[in-house]
Each structure stands twice: as C-alpha cells, then as structure tokens.
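What follows is one structure encoded as structure tokens, with my remarks underneath.
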Amino acid sequence: LKEVPKIDTSKQDKLKLIGGSLWTDIRKIYKFRKIICSTDFVTVRMSLRRDDPNKHYAIKSIFKKNLSETDLLDIVKEVQIVSSLDHPNIIRFYEAYQDNMYLHLVMELCAGEEVFDQMNKLGGKIEESRAVKLIYKALCAVNYCHYIGITHRDIKPENILFETSKPDAEIKLIDFGLSRKFELNEKMHTILGTPYYVAPEVLKGEYDHKNDIWSIGAITYMILCGSPPFTGKNNNEIFNAIMSDEVKFEGEKWKSISEDTIDFIRYCLDKNEATRPTAI
C-alpha cells in the first residue's frame, strides 16, 4: 500500500508534489466538454483525452488568482492524499496541470447522482435492502482509509456519489478536502465537518479517526428515514442535541426497519468513541 508522501511546503516545490505535467497546456491533452458544476472560483467539466476519446474524466479547474498560500497548501494536501488512494469505492485522482490562470485536477468521472439527491427522488429515503449495500461499500472505503492512516472527516450523503445512473452502480466516496493523515492513538483538535454528521468528540476538539464511524451512523439514519438523528433550529441546537440527546427510533418509518440495522446505527452513534466500533 502506498504511503502519503511528506509535504514539502517550500513555495517552488508545492505544485510539483501533485504530479502531472504542470506547465503543459491541458487542452492539448484533454478536450473539455459540458460543465458539470461551477462556482465563482471552481469549474468542473466532463472531459475526454484526445488520444482516447472513449473514456471521460471530470476536470476540476480552480481559479488561481483567488488562492492564498494557505489555500494552495490545502489543495496540495488534499491531492497528496487522494492520489495515494486506490479503492473501488473512492474517487480516483489521475493528474494535475496548471496554466497562468488555473490549476486543473483530473479526476474519475461519476455520471450518477449524489446519494442525497437520489434519496430525495425516492421520496426522501432509501429502502433498507439498498441502504445496507450502500453503507457496506462506504464502510469498506472508510476501513481502507483508516488502514492506511487517513481519516476523511466530512462524510455525508453529498460526498457519496453513484458511479453511473444504473440501479446497481458502485458508490464513490469523494471530497477529501478536510481529510488528513493520522497516527494510531493520535488526537486531532480542529473542529470541522457538517453539523448533522459531526461526532460529539469533534465538537469537544479532541478526537480520532472514529469520527468517521459516527458520520456513517448518521448517514444510515438519514437515508432510512429522511431526517437526521439530531436536529435543531440552528447549528448550536444541533450541536447541543449531538452532545446530550440519545438517538431515537420513533414513528411508523422505523417499524419496518430490522433490529440489526437499528443496532448498527446505535453502535455507530455511541457518544463514547472508545467503545464505538472501528470500521473493520
């Protein structure tokens, strides 16, 4: 298994760390097609290699004018991590290019939807038999990451994509922007993540890689019933509920869910990370 390389923060070497042909014109290698999504600073396009027009890619183009030194280092860290990963349920990074205006990241293209979008299309929830398969694959990806010493730290339905639009499509864990390398028994202290899926120990500012397991439990709850396990009118109320409330399985929507699945969610949402199970 590949190890994530150490980060050299010297300015002239930063972009060299992420591989690819840095000053080659990407348009000579790839042909840009339709825009998948776009913001003020980032555009993602479906693209194809000119020497292999049958295979499509997603190219994320980041406007460099708006990048601070910290922003650049964060991108380098993310690409270092994702380029070291090799798992069927994790988005694949291929290479990077840059020109005077943009940094281009060439990624695997997923033509399917986010789990969150598909859940909404299915009436706000996903049936248990399909959810079990989806979560198993997500856990396989998390277990792989933990095995090589990487924690994602922002697992949520929006960060799980279906590879294609087929019903039995593989899922892909994406967006490693908040991920980091960790050592066994190391505690992390940066408070981050998405409110509905963040673990209580993260809110306390002292946590380990098992924060990802909490997120898996919260996702499982969400996709089965259409609402998160802990709610509130604002982030503070959500955080207070995460810290102090017990997860509840009330209402008609839970009567058809198996005890095994409910137990699984309870285990994942154990507020004590010491007794919370590992991914394996």
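To be explicit about the labels: the chains of the structure tokens are called A, B, and onward in the order shown, and within each one the residues are counted from 1, while ligands get numbers from 1 in the order they are shown.
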All alpha helix (DSSP H) positions in stretch 66-255 of chain A, as number ranges by chain:
A: 69-83, 115-121, 128-147, 200-204, 211-225, 235-244
Hey, which bits of stretch 103-163 of chain A sit within 12 Å of stretch 248-266 of chain A, and for each residue what's the closest pair of atoms and how far apart in Å (one decimal), counting only C-alpha atoms, rows by chain and increasing number, as a tab-separated table?
residue	atom	partner	partner_atom	distance
A:Gly124	CA	A:Lys253	CA	11.4
A:Lys125	CA	A:Lys253	CA	9.8
A:Ile126	CA	A:Lys253	CA	11.4
A:Glu127	CA	A:Ile257	CA	9.1
A:Glu128	CA	A:Ile257	CA	6.8
A:Ser129	CA	A:Ile257	CA	9.7
A:Ala131	CA	A:Thr261	CA	9.8
A:Val132	CA	A:Thr261	CA	8.0
A:Lys133	CA	A:Thr261	CA	11.7
A:Ile135	CA	A:Thr261	CA	10.7
A:Tyr136	CA	A:Phe264	CA	11.3
Using all heavy atoms, can you write the selected residues to a file as an mmCIF file, in the first residue's frame?
data_model
loop_
_atom_site.group_PDB
_atom_site.id
_atom_site.type_symbol
_atom_site.label_atom_id
_atom_site.label_comp_id
_atom_site.auth_asym_id
_atom_site.auth_seq_id
_atom_site.Cartn_x
_atom_site.Cartn_y
_atom_site.Cartn_z
ATOM 1 N N GLY A 124 -37.565 10.810 -0.261
ATOM 2 C CA GLY A 124 -36.925 11.244 0.975
ATOM 3 C C GLY A 124 -36.183 10.166 1.735
ATOM 4 O O GLY A 124 -35.601 10.435 2.784
ATOM 5 N N LYS A 125 -36.194 8.930 1.237
ATOM 6 C CA LYS A 125 -35.461 7.863 1.922
ATOM 7 C C LYS A 125 -35.165 6.741 0.938
ATOM 8 O O LYS A 125 -35.717 6.677 -0.157
ATOM 9 C CB LYS A 125 -36.248 7.331 3.113
ATOM 10 C CG LYS A 125 -37.626 6.788 2.773
ATOM 11 C CD LYS A 125 -38.370 6.365 4.037
ATOM 12 C CE LYS A 125 -39.753 5.827 3.688
ATOM 13 N NZ LYS A 125 -40.493 5.402 4.899
ATOM 14 N N ILE A 126 -34.260 5.861 1.356
ATOM 15 C CA ILE A 126 -33.855 4.720 0.538
ATOM 16 C C ILE A 126 -34.246 3.448 1.272
ATOM 17 O O ILE A 126 -34.065 3.350 2.491
ATOM 18 C CB ILE A 126 -32.334 4.755 0.276
ATOM 19 C CG1 ILE A 126 -31.973 5.993 -0.558
ATOM 20 C CG2 ILE A 126 -31.862 3.489 -0.432
ATOM 21 C CD1 ILE A 126 -30.487 6.188 -0.775
ATOM 22 N N GLU A 127 -34.797 2.474 0.553
ATOM 23 C CA GLU A 127 -35.251 1.245 1.207
ATOM 24 C C GLU A 127 -34.074 0.519 1.857
ATOM 25 O O GLU A 127 -32.926 0.613 1.417
ATOM 26 C CB GLU A 127 -35.959 0.334 0.213
ATOM 27 C CG GLU A 127 -35.090 -0.182 -0.913
ATOM 28 C CD GLU A 127 -35.850 -1.115 -1.843
ATOM 29 O OE1 GLU A 127 -37.094 -1.046 -1.882
ATOM 30 O OE2 GLU A 127 -35.176 -1.915 -2.506
ATOM 31 N N GLU A 128 -34.388 -0.216 2.918
ATOM 32 C CA GLU A 128 -33.343 -0.801 3.768
ATOM 33 C C GLU A 128 -32.396 -1.720 3.003
ATOM 34 O O GLU A 128 -31.172 -1.646 3.183
ATOM 35 C CB GLU A 128 -33.967 -1.573 4.936
ATOM 36 C CG GLU A 128 -32.932 -2.141 5.889
ATOM 37 C CD GLU A 128 -33.559 -2.876 7.061
ATOM 38 O OE1 GLU A 128 -34.786 -3.081 7.048
ATOM 39 O OE2 GLU A 128 -32.810 -3.244 7.990
ATOM 40 N N SER A 129 -32.915 -2.590 2.146
ATOM 41 C CA SER A 129 -32.053 -3.549 1.450
ATOM 42 C C SER A 129 -30.994 -2.846 0.608
ATOM 43 O O SER A 129 -29.851 -3.287 0.544
ATOM 44 C CB SER A 129 -32.894 -4.475 0.566
ATOM 45 O OG SER A 129 -33.610 -3.738 -0.401
ATOM 46 N N ALA A 131 -30.015 0.388 1.139
ATOM 47 C CA ALA A 131 -29.206 1.179 2.061
ATOM 48 C C ALA A 131 -28.102 0.337 2.687
ATOM 49 O O ALA A 131 -26.972 0.806 2.855
ATOM 50 C CB ALA A 131 -30.089 1.786 3.152
ATOM 51 N N VAL A 132 -28.412 -0.918 3.029
ATOM 52 C CA VAL A 132 -27.426 -1.813 3.631
ATOM 53 C C VAL A 132 -26.230 -2.001 2.689
ATOM 54 O O VAL A 132 -25.065 -1.923 3.105
ATOM 55 C CB VAL A 132 -28.069 -3.176 3.970
ATOM 56 C CG1 VAL A 132 -27.005 -4.216 4.260
ATOM 57 C CG2 VAL A 132 -28.999 -3.032 5.166
ATOM 58 N N LYS A 133 -26.509 -2.235 1.411
ATOM 59 C CA LYS A 133 -25.430 -2.425 0.434
ATOM 60 C C LYS A 133 -24.608 -1.150 0.259
ATOM 61 O O LYS A 133 -23.384 -1.196 0.174
ATOM 62 C CB LYS A 133 -26.023 -2.862 -0.909
ATOM 63 C CG LYS A 133 -26.695 -4.222 -0.865
ATOM 64 C CD LYS A 133 -27.352 -4.561 -2.196
ATOM 65 C CE LYS A 133 -28.076 -5.904 -2.130
ATOM 66 N NZ LYS A 133 -28.769 -6.225 -3.412
ATOM 67 N N ILE A 135 -24.220 1.381 2.427
ATOM 68 C CA ILE A 135 -23.428 1.677 3.618
ATOM 69 C C ILE A 135 -22.272 0.694 3.774
ATOM 70 O O ILE A 135 -21.172 1.060 4.204
ATOM 71 C CB ILE A 135 -24.328 1.685 4.874
ATOM 72 C CG1 ILE A 135 -25.313 2.858 4.807
ATOM 73 C CG2 ILE A 135 -23.488 1.763 6.150
ATOM 74 C CD1 ILE A 135 -24.651 4.231 4.745
ATOM 75 N N TYR A 136 -22.491 -0.567 3.395
ATOM 76 C CA TYR A 136 -21.396 -1.544 3.448
ATOM 77 C C TYR A 136 -20.239 -1.084 2.572
ATOM 78 O O TYR A 136 -19.066 -1.140 2.983
ATOM 79 C CB TYR A 136 -21.887 -2.914 2.993
ATOM 80 C CG TYR A 136 -20.781 -3.938 2.889
ATOM 81 C CD1 TYR A 136 -20.261 -4.545 4.027
ATOM 82 C CD2 TYR A 136 -20.231 -4.273 1.666
ATOM 83 C CE1 TYR A 136 -19.227 -5.468 3.944
ATOM 84 C CE2 TYR A 136 -19.203 -5.192 1.558
ATOM 85 C CZ TYR A 136 -18.709 -5.787 2.707
ATOM 86 O OH TYR A 136 -17.678 -6.695 2.605
#
Could you check which of A:Ala218, A:Val106, A:Ile148, A:Ala58 is closest to A:Glu183, using only C-alpha atoms?
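Among the listed residues, A:Ile148 lies closest to A:Glu183.
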Contacts of A:Pro157 at 8 Å or less, counting only C-alpha atoms, minus same-chain residues fewer than 4 places along, as a PyMOL selection string?
chain A and resi 114-116+219
Hey, can you check how far atom CA of A:Ile160 sits from atom CA of A:Tyr197?
13.4 Å
Quick one: distance from atom CA of A:Thr39 to atom CA of A:Asn66 in Å, one decimal?
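We find that atom CA of A:Thr39 and atom CA of A:Asn66 lie 12.5 Å from each other.
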From atom CA of A:Ile150 to atom CA of A:His209 the spacing works out at 7.8 Å
Do you know which residues are at most 8 Å from A:Leu173 counting only C-alpha atoms, after dropping those on the same chain fewer than 2 positions away, and could you put them as an NGL selection string?
:A and (89-91 or 138 or 141 or 159-161 or 171 or 175)
Residue subset to file, keeping C-alpha atoms, as a tab-separated table (two decimals), in the first residue's frame:
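Final output, again31.tsv:
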chain	number	residue	atom	x	y	z
A	89	ASN	CA	-15.35	2.92	-3.68
A	90	ILE	CA	-13.14	6.02	-3.59
A	91	ILE	CA	-12.93	8.64	-6.33
A	138	ALA	CA	-19.00	3.19	2.17
A	141	ALA	CA	-13.87	2.68	1.72
A	159	ASN	CA	-19.98	13.25	-0.52
A	160	ILE	CA	-21.06	9.82	-1.74
A	161	LEU	CA	-21.69	9.57	-5.48
A	171	ILE	CA	-20.65	4.27	-4.92
A	175	ASP	CA	-14.18	15.33	-1.40
Which residues are close to A:Arg153, i.e. within 9 Å by only C-alpha atoms, leaving aside same-chain residues fewer than 6 positions away? Reply as a list of chain:residue names.
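Selected residues are A:Phe176, A:Gly177, A:Leu178, A:Ser179, A:Arg180, A:Leu192, A:Gly193, A:Val198, A:His209, A:Asn211, A:Asp212, A:Ser215.
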The residue from A:Val247, A:Cys268, A:Cys140, A:Leu48 with the smallest atom-to-atom distance to A:Lys31, counting only C-alpha atoms, is A:Leu48
Which residue of A:Leu224, A:Leu184, A:Ile26, A:Ile59 approaches A:His146 most closely, using only C-alpha atoms:
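Among the listed residues, the smallest separation from A:His146 belongs to A:Leu184.
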The residue from A:Lys166, A:Lys137, A:Lys210, A:Lys28 with the smallest atom-to-atom distance to A:Gly112, counting only C-alpha atoms, is A:Lys166
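When DSSP is run on the backbone, the residues of stretch 65-209 of chain A that fall into strand (DSSP E) are Phe93, Tyr94, Glu95, Ala96, Tyr97, Gln98, Tyr102, Leu103, His104, Leu105, Val106, Met107, Glu108, Ile150, Thr151, Ile160, Leu161, Phe162, Ile171, Lys172, Leu173, Arg180 and Lys181 of chain A.
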I'd like to know which of A:Ile75, A:Leu139, A:Met46, A:Ala274 is closest to A:Ala96, using only C-alpha atoms.
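Under the stated criterion, the closest residue is A:Ile75.
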For A:His189, please output as JSON, numbers by chain all residues within 7 Å (counting only C-alpha atoms; exclusion window: fewer than 6 positions along the same chain).
{"A": [205, 206, 207]}
Hey, which of A:Asp74, A:Asp25, A:Glu170, A:Glu246 ends up closest to A:Met101? Count only C-alpha atoms.
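Of A:Asp74, A:Asp25, A:Glu170, A:Glu246, the one nearest A:Met101 is A:Asp25, counting only C-alpha atoms.
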